[in-house]
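Trainee: Next comes the structure file model_8.csv, holding CSV, C-alpha atoms.
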chain,number,residue,atom,x,y,z
W,30,MET,CA,107.5,67.4,120.7
W,31,THR,CA,106.9,70.5,122.9
W,32,ALA,CA,108.9,73.7,122.5
W,33,LEU,CA,110.4,73.1,126.0
W,34,ALA,CA,111.4,69.5,125.1
W,35,LEU,CA,112.9,70.7,121.8
W,36,ALA,CA,114.9,73.3,123.6
W,37,LEU,CA,116.2,70.7,126.0
W,38,VAL,CA,117.3,68.5,123.1
W,39,PHE,CA,119.3,71.3,121.6
W,40,SER,CA,120.8,72.1,125.0
W,41,VAL,CA,121.9,68.5,125.6
W,42,ALA,CA,123.3,68.4,122.1
W,43,GLY,CA,125.5,71.3,122.9
W,44,THR,CA,124.2,73.7,120.3
W,45,PRO,CA,125.3,77.2,121.3
W,46,ALA,CA,122.6,79.9,121.6
W,47,PRO,CA,123.2,82.9,119.3
W,48,ALA,CA,125.0,85.8,120.9
W,49,ARG,CA,122.7,88.5,122.1
W,50,TYR,CA,125.2,91.1,121.0
W,51,ASP,CA,127.2,90.0,118.0
W,52,SER,CA,130.6,91.5,118.2
W,53,ASP,CA,130.8,92.4,114.5
W,54,ALA,CA,127.5,94.2,114.8
W,55,VAL,CA,128.7,96.1,117.9
W,56,THR,CA,131.9,97.1,116.1
W,57,ALA,CA,130.0,98.3,113.0
W,58,LEU,CA,127.7,100.4,115.1
W,59,GLN,CA,130.5,102.0,117.0
W,60,GLU,CA,132.3,102.9,113.7
W,61,MET,CA,129.1,104.3,112.3
W,62,GLU,CA,128.6,106.5,115.4
W,63,GLU,CA,132.2,107.7,115.2
W,64,SER,CA,131.9,108.5,111.5
W,65,ALA,CA,128.7,110.5,112.1
W,66,THR,CA,130.6,112.8,114.5
W,67,ARG,CA,133.0,113.7,111.7
W,68,VAL,CA,130.3,114.8,109.3
W,69,ARG,CA,130.3,118.6,108.8
W,70,ASP,CA,128.1,118.7,105.7
W,71,TYR,CA,126.9,116.4,103.0
W,72,THR,CA,124.9,116.1,99.8
W,73,MET,CA,122.8,113.0,98.8
W,74,ARG,CA,119.7,111.7,97.1
W,75,LEU,CA,117.2,110.3,99.5
W,76,VAL,CA,114.6,107.7,98.6
W,77,LYS,CA,112.0,107.3,101.3
W,78,ARG,CA,108.6,105.7,102.3
W,79,GLU,CA,106.8,106.2,105.6
W,80,ARG,CA,103.7,104.7,107.1
W,81,PHE,CA,100.7,106.9,108.0
W,82,GLY,CA,98.0,104.9,109.8
W,83,THR,CA,97.7,101.6,107.8
W,84,GLU,CA,99.1,103.0,104.5
W,85,LEU,CA,102.7,103.1,103.3
W,86,SER,CA,103.3,106.4,101.5
W,87,ALA,CA,104.3,106.5,97.8
W,88,GLU,CA,108.0,106.5,97.2
W,89,GLU,CA,109.7,110.0,97.2
W,90,THR,CA,113.1,110.9,95.8
W,91,ILE,CA,114.7,114.0,97.3
W,92,ASP,CA,118.0,115.8,96.8
W,93,ILE,CA,119.4,117.0,100.0
W,94,LYS,CA,122.1,119.5,101.2
W,95,TRP,CA,122.8,119.5,104.9
W,96,GLN,CA,125.3,121.4,107.1
W,97,ARG,CA,125.8,121.5,110.8
W,98,PRO,CA,124.2,122.4,113.1
W,99,GLN,CA,121.0,122.1,111.0
W,100,ARG,CA,121.0,124.0,107.8
W,101,ILE,CA,119.0,122.0,105.2
W,102,TYR,CA,117.8,122.3,101.7
W,103,LEU,CA,115.4,119.6,100.2
W,104,HIS,CA,114.3,119.3,96.6
W,105,GLU,CA,111.8,116.6,95.6
W,106,ILE,CA,112.7,115.3,92.2
W,107,ALA,CA,110.3,112.4,92.0
W,108,GLY,CA,107.1,111.6,94.0
W,109,PRO,CA,103.8,113.1,95.0
W,110,ARG,CA,105.4,116.6,95.5
W,111,THR,CA,107.8,116.7,92.6
W,112,GLY,CA,109.4,120.1,92.3
W,113,GLN,CA,108.8,121.1,95.9
W,114,GLU,CA,111.7,122.9,97.6
W,115,VAL,CA,112.2,123.3,101.4
W,116,LEU,CA,114.7,125.5,103.1
W,117,TYR,CA,115.5,125.7,106.8
W,118,VAL,CA,118.2,127.6,108.7
W,119,PRO,CA,118.1,128.0,112.5
W,120,GLY,CA,117.3,131.6,113.6
W,121,TRP,CA,116.4,132.6,110.1
W,122,ASN,CA,112.8,133.3,108.8
W,123,LYS,CA,111.5,133.3,112.4
W,124,ASN,CA,112.6,129.6,112.6
W,125,ARG,CA,110.0,128.7,110.0
W,126,VAL,CA,110.6,126.5,107.0
W,127,LYS,CA,110.3,128.1,103.6
W,128,VAL,CA,108.5,125.9,101.2
W,129,HIS,CA,108.2,126.5,97.4
W,130,LYS,CA,105.9,124.8,94.9
W,131,GLY,CA,104.4,127.4,92.7
W,132,ILE,CA,104.2,129.8,95.6
W,133,ASN,CA,106.3,130.5,98.7
W,134,LEU,CA,105.0,129.5,102.1
W,135,ASN,CA,106.5,130.0,105.5
W,136,LEU,CA,105.4,127.2,107.9
W,137,ASN,CA,105.7,126.2,111.5
W,138,PRO,CA,108.0,123.1,111.1
W,139,TYR,CA,106.0,121.3,113.8
W,140,GLY,CA,102.6,122.4,112.4
W,141,GLU,CA,99.9,120.2,110.8
W,142,VAL,CA,100.6,121.4,107.3
W,143,ALA,CA,104.4,121.0,107.5
W,144,MET,CA,104.1,117.6,109.1
W,145,ALA,CA,101.3,116.2,106.9
W,146,HIS,CA,103.6,114.1,104.7
W,147,SER,CA,106.7,113.5,106.9
W,148,HIS,CA,107.4,111.7,110.2
W,149,HIS,CA,110.3,114.0,111.0
W,150,PRO,CA,110.1,117.8,111.4
W,151,VAL,CA,112.6,119.6,109.1
W,152,PRO,CA,114.7,120.9,112.0
W,153,GLU,CA,115.4,117.3,112.9
W,154,VAL,CA,115.9,115.8,109.4
W,155,SER,CA,119.5,114.5,108.8
W,156,LEU,CA,121.6,111.4,108.4
W,157,VAL,CA,123.4,112.3,111.6
W,158,ARG,CA,120.1,112.5,113.5
W,159,LEU,CA,119.1,109.0,112.1
W,160,VAL,CA,122.4,107.6,113.4
W,161,ASP,CA,121.6,109.2,116.8
W,162,ILE,CA,118.1,107.5,116.9
W,163,VAL,CA,119.6,104.1,116.2
W,164,MET,CA,122.4,104.5,118.8
W,165,ASP,CA,120.2,106.0,121.5
W,166,ASN,CA,117.7,103.0,121.2
W,167,VAL,CA,120.5,100.4,121.1
W,168,ARG,CA,122.3,102.0,124.1
W,169,ARG,CA,119.1,102.2,126.2
W,170,ALA,CA,118.0,98.7,125.3
W,171,ARG,CA,121.5,97.2,126.0
W,172,ALA,CA,121.4,98.8,129.5
W,173,LYS,CA,118.3,96.7,130.1
W,174,ASN,CA,119.7,93.7,128.2
W,175,ALA,CA,116.6,94.1,126.1
W,176,VAL,CA,118.0,94.2,122.5
W,177,ARG,CA,119.4,91.6,120.2
W,178,LEU,CA,122.1,92.7,117.7
W,179,SER,CA,122.8,90.4,114.8
W,180,PHE,CA,125.4,90.7,112.0
W,181,VAL,CA,123.8,89.3,108.9
W,182,GLY,CA,126.8,89.7,106.6
W,183,PRO,CA,128.1,91.7,103.6
W,184,GLU,CA,125.7,92.8,100.9
W,185,THR,CA,125.8,95.2,98.0
W,186,PRO,CA,122.8,97.6,97.8
W,187,PHE,CA,123.1,100.2,95.0
W,188,GLY,CA,126.4,98.8,94.0
W,189,ARG,CA,128.1,99.8,97.3
W,190,LYS,CA,129.7,97.3,99.6
W,191,ALA,CA,127.8,97.3,102.9
W,192,LEU,CA,127.4,95.3,106.1
W,193,ARG,CA,123.9,94.3,107.1
W,194,LEU,CA,122.9,94.4,110.7
W,195,GLU,CA,119.6,93.8,112.5
W,196,ALA,CA,118.5,94.9,116.0
W,197,THR,CA,115.2,93.8,117.7
W,198,PHE,CA,113.5,95.5,120.6
W,199,PRO,CA,110.7,94.4,123.0
W,200,PRO,CA,107.2,95.9,122.8
W,201,THR,CA,107.4,97.7,126.2
W,202,GLY,CA,106.2,101.2,127.0
W,203,LYS,CA,104.4,103.6,129.1
W,204,THR,CA,100.8,104.9,129.3
W,205,PRO,CA,100.6,108.5,130.4
W,206,THR,CA,97.3,110.4,130.4
W,207,ILE,CA,96.6,113.5,128.3
W,208,GLU,CA,96.2,116.6,130.5
W,209,LYS,CA,94.2,119.7,129.6
W,210,GLU,CA,95.5,121.4,126.4
W,211,GLU,CA,98.2,118.8,126.0
W,212,THR,CA,99.0,117.3,122.6
W,213,LEU,CA,101.1,114.4,121.5
W,214,TRP,CA,103.9,116.8,120.9
W,215,ASP,CA,103.9,117.5,124.7
W,216,ILE,CA,104.0,113.8,125.4
W,217,SER,CA,106.8,113.4,122.9
W,218,LYS,CA,108.8,116.1,124.6
W,219,ALA,CA,108.2,114.7,128.0
W,220,THR,CA,109.1,111.1,127.1
W,221,GLY,CA,111.8,111.7,124.4
W,222,GLN,CA,109.8,109.5,122.0
W,223,SER,CA,109.0,110.6,118.4
W,224,MET,CA,105.6,112.1,118.0
W,225,TYR,CA,104.9,110.0,115.0
W,226,VAL,CA,106.0,106.8,116.7
W,227,ILE,CA,103.5,107.6,119.5
W,228,LEU,CA,100.8,108.4,116.9
W,229,HIS,CA,101.4,105.1,115.1
W,230,ALA,CA,101.3,103.1,118.3
W,231,ASN,CA,97.8,104.6,119.0
W,232,ARG,CA,96.5,104.2,115.4
W,233,ALA,CA,93.6,102.0,116.6
W,234,ARG,CA,92.3,105.1,118.3
W,235,LYS,CA,92.0,106.7,114.8
W,236,TRP,CA,94.0,109.7,115.8
W,237,ARG,CA,95.7,111.3,112.8
W,238,GLN,CA,97.2,114.5,114.3
W,239,ALA,CA,99.0,115.4,117.5
W,240,ASP,CA,96.0,117.4,118.8
W,241,HIS,CA,93.4,114.6,118.3
W,242,PRO,CA,93.6,113.0,121.8
W,243,GLU,CA,91.4,114.6,124.5
W,244,LYS,CA,91.9,115.3,128.2
W,245,GLY,CA,91.9,112.0,130.1
W,246,ASP,CA,92.9,109.8,127.1
W,247,SER,CA,95.5,107.2,127.9
W,248,VAL,CA,98.4,107.2,125.4
W,249,ILE,CA,100.6,104.3,124.5
W,250,VAL,CA,104.2,105.5,124.4
W,251,PRO,CA,106.6,102.8,123.2
W,252,ASP,CA,110.0,102.6,124.9
W,253,TYR,CA,111.8,102.0,121.6
W,254,TYR,CA,111.6,103.6,118.2
W,255,ALA,CA,110.9,100.3,116.4
W,256,GLY,CA,110.4,96.6,117.0
W,257,ARG,CA,113.1,95.8,114.5
W,258,ILE,CA,115.8,97.9,112.7
W,259,VAL,CA,117.5,96.5,109.6
W,260,LEU,CA,120.6,98.6,108.7
W,261,TRP,CA,123.0,98.5,105.8
W,262,ILE,CA,126.3,100.3,106.7
W,263,ASP,CA,128.6,101.5,103.9
W,264,GLU,CA,131.9,99.7,104.3
W,265,GLU,CA,133.9,102.7,103.1
W,266,LEU,CA,131.9,105.6,104.6
W,267,LYS,CA,130.8,103.8,107.8
W,268,LEU,CA,127.4,105.4,107.5
W,269,PRO,CA,123.9,104.0,106.6
W,270,LEU,CA,123.2,103.2,103.0
W,271,GLN,CA,119.8,102.0,103.8
W,272,ILE,CA,117.7,101.6,106.9
W,273,ASP,CA,114.3,100.0,107.5
W,274,PHE,CA,112.3,100.4,110.7
W,275,TYR,CA,109.6,97.9,111.4
W,276,ASP,CA,106.9,98.3,114.1
W,277,HIS,CA,106.2,95.7,116.7
W,278,GLU,CA,103.6,94.0,114.5
W,279,GLY,CA,106.2,93.5,111.8
W,280,SER,CA,104.9,96.1,109.4
W,281,LEU,CA,107.4,98.4,107.6
W,282,TYR,CA,107.2,101.8,109.3
W,283,GLU,CA,110.0,103.7,107.6
W,284,HIS,CA,112.3,103.0,104.6
W,285,TYR,CA,115.2,105.2,103.7
W,286,GLU,CA,117.9,104.8,101.0
W,287,HIS,CA,120.9,107.1,100.8
W,288,HIS,CA,122.3,107.4,97.3
W,289,ASP,CA,125.3,109.4,96.0
W,290,LEU,CA,126.3,110.4,99.6
W,291,LYS,CA,129.2,112.9,99.5
W,292,LEU,CA,130.7,114.0,102.8
W,293,ASN,CA,132.3,117.3,103.9
W,294,VAL,CA,132.0,118.9,100.4
W,295,GLY,CA,132.3,122.5,101.7
W,296,LEU,CA,128.8,123.8,101.4
W,297,THR,CA,128.5,127.6,101.9
W,298,ALA,CA,125.8,130.1,102.9
W,299,ALA,CA,124.7,130.3,99.3
W,300,ASP,CA,123.6,126.7,99.4
W,301,PHE,CA,121.0,127.7,102.1
W,302,ASP,CA,120.0,131.0,100.6
W,303,PRO,CA,116.6,131.3,98.9
W,304,LYS,CA,118.2,133.8,96.5
W,305,ASN,CA,120.4,131.1,95.1
W,306,PRO,CA,119.7,131.3,91.3
W,307,ALA,CA,119.6,127.5,91.1
W,308,TYR,CA,116.5,127.5,93.4
W,309,GLY,CA,112.9,128.5,92.6
W,310,PHE,CA,112.0,130.5,95.7
Can the structure in the file be given as structure tokens, please?
Mentor:
Amino acid sequence: MTALALALVFSVAGTPAPARYDSDAVTALQEMEESATRVRDYTMRLVKRERFGTELSAEETIDIKWQRPQRIYLHEIAGPRTGQEVLYVPGWNKNRVKVHKGINLNLNPYGEVAMAHSHHPVPEVSLVRLVDIVMDNVRRARAKNAVRLSFVGPETPFGRKALRLEATFPPTGKTPTIEKEETLWDISKATGQSMYVILHANRARKWRQADHPEKGDSVIVPDYYAGRIVLWIDEELKLPLQIDFYDHEGSLYEHYEHHDLKLNVGLTAADFDPKNPAYGF
């Protein structure tokens, strides 16, 4: 039986098609977004993996302190860079990130060295920013009726009660051309798409850094951050416990787990000071 004939059979039988926007999923996302607006600071333990080219990175475990607007301290406690500390405060240290692992380095947060092992520049790393990415993509795709939101059901990752949602997006995009002295960071800024998402979409070109494309090269810029997002939202905190991003070929692109998340704990300037005696700077 052909796919068309099979579809007609189900139609005649009166089987309802699944809702494109499951109401429980929509409600859970709205509550997540509202909860994120109330976060002033937090501490948590992040477990992450990210894809670079065809390889998924080794798992990293990082203790994080974060405070609005974007003060952040990161300490890798397990993974390839165990012991590394990173500190960033807007307007401080000439807007560079201070990195410590044996020696202190001051790095351009968007430079090749700072971005060698992370999809997200330190000035943009936060749980709140992650919520913004999800909601921006869902909102833009809903405006085009181009996303499907599904409520999978309750689950219990890490012993926490959570609601599992899934969102799928079409593989649409643009193809701008690189101009003289442009890099993928310029394309990212012009289109609003993540530089690493653009780099990943063009991996067949063997580009590994933002400045690898040359003048005249056509660049694939996906409309959406991912082909599929799987999200576990904490039932109590209304924030992501875990989030997995898949590319349009179905490969895991990013995996983030948020353990021991504590909100609005009252972090102070000392938590973002390299002279803090608990730090190694």
Trainee: Using all atoms listed in the file, which residues sit within 7 Å of Pro150 (chain W) once same-chain residues fewer than 5 positions away are excluded, as a list in words?
Mentor: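 Here the qualifying residues turn out to be Pro138, Tyr139 and Met144 of chain W.
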Trainee: Please identify every residue of region 43-161 of chain W that has at least one atom no farther than 10 Å from an atom of region 193-215 of chain W, counting all atoms listed in the file, and for each give the shortest atom pair and the distance in Å to one decimal, arranged by chain then increasing number, as a tab-separated table.
Mentor:
residue	atom	partner	partner_atom	distance
W:Arg49	CA	W:Ala196	CA	9.8
W:Tyr50	CA	W:Ala196	CA	9.2
W:Asp51	CA	W:Leu194	CA	9.5
W:Asp53	CA	W:Leu194	CA	9.0
W:Ala54	CA	W:Leu194	CA	6.2
W:Val55	CA	W:Leu194	CA	9.4
W:Ala57	CA	W:Leu194	CA	8.4
W:Leu58	CA	W:Leu194	CA	8.9
W:Tyr139	CA	W:Trp214	CA	8.7
Trainee: How many Å lie between CA of Leu296 (chain W) and CA of Gln271 (chain W), rounded to one decimal?
Mentor: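 According to the coordinates, CA of Leu296 (chain W) and CA of Gln271 (chain W) are separated by 23.7 Å.
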Trainee: Just want the 12 Å neighbourhood of region 226-235 of chain W, counted on only C-alpha atoms, with same-chain residues fewer than 4 positions away dropped. Output as a PyMOL selection string.
Mentor: chain W and resi 79-84+147-149+200-205+212-218+220-222+239-243+246-256+274-278+280-283
Trainee: Pick the closest to Val142 (chain W) from W:Val68, W:Val128, W:Ile258, W:Ala172: which is it, counting all atoms listed in the file?
Mentor: W:Val128
Trainee: Pick out the closest residue to Ala107 (chain W) from this set: W:His129, W:Gly188, W:Ala219, W:Leu75. Count all atoms listed in the file.
Mentor: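 Selected residue with least distance to Ala107 (chain W): W:Leu75.
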Trainee: Excluding region 300-303 of chain W and any residue of its chain fewer than 4 positions from it, enumerate the residues within 8 Å of it, using all atoms listed in the file, and give them as a PyMOL selection string.
Mentor: chain W and resi 94+100-102+116-118+296+308-310
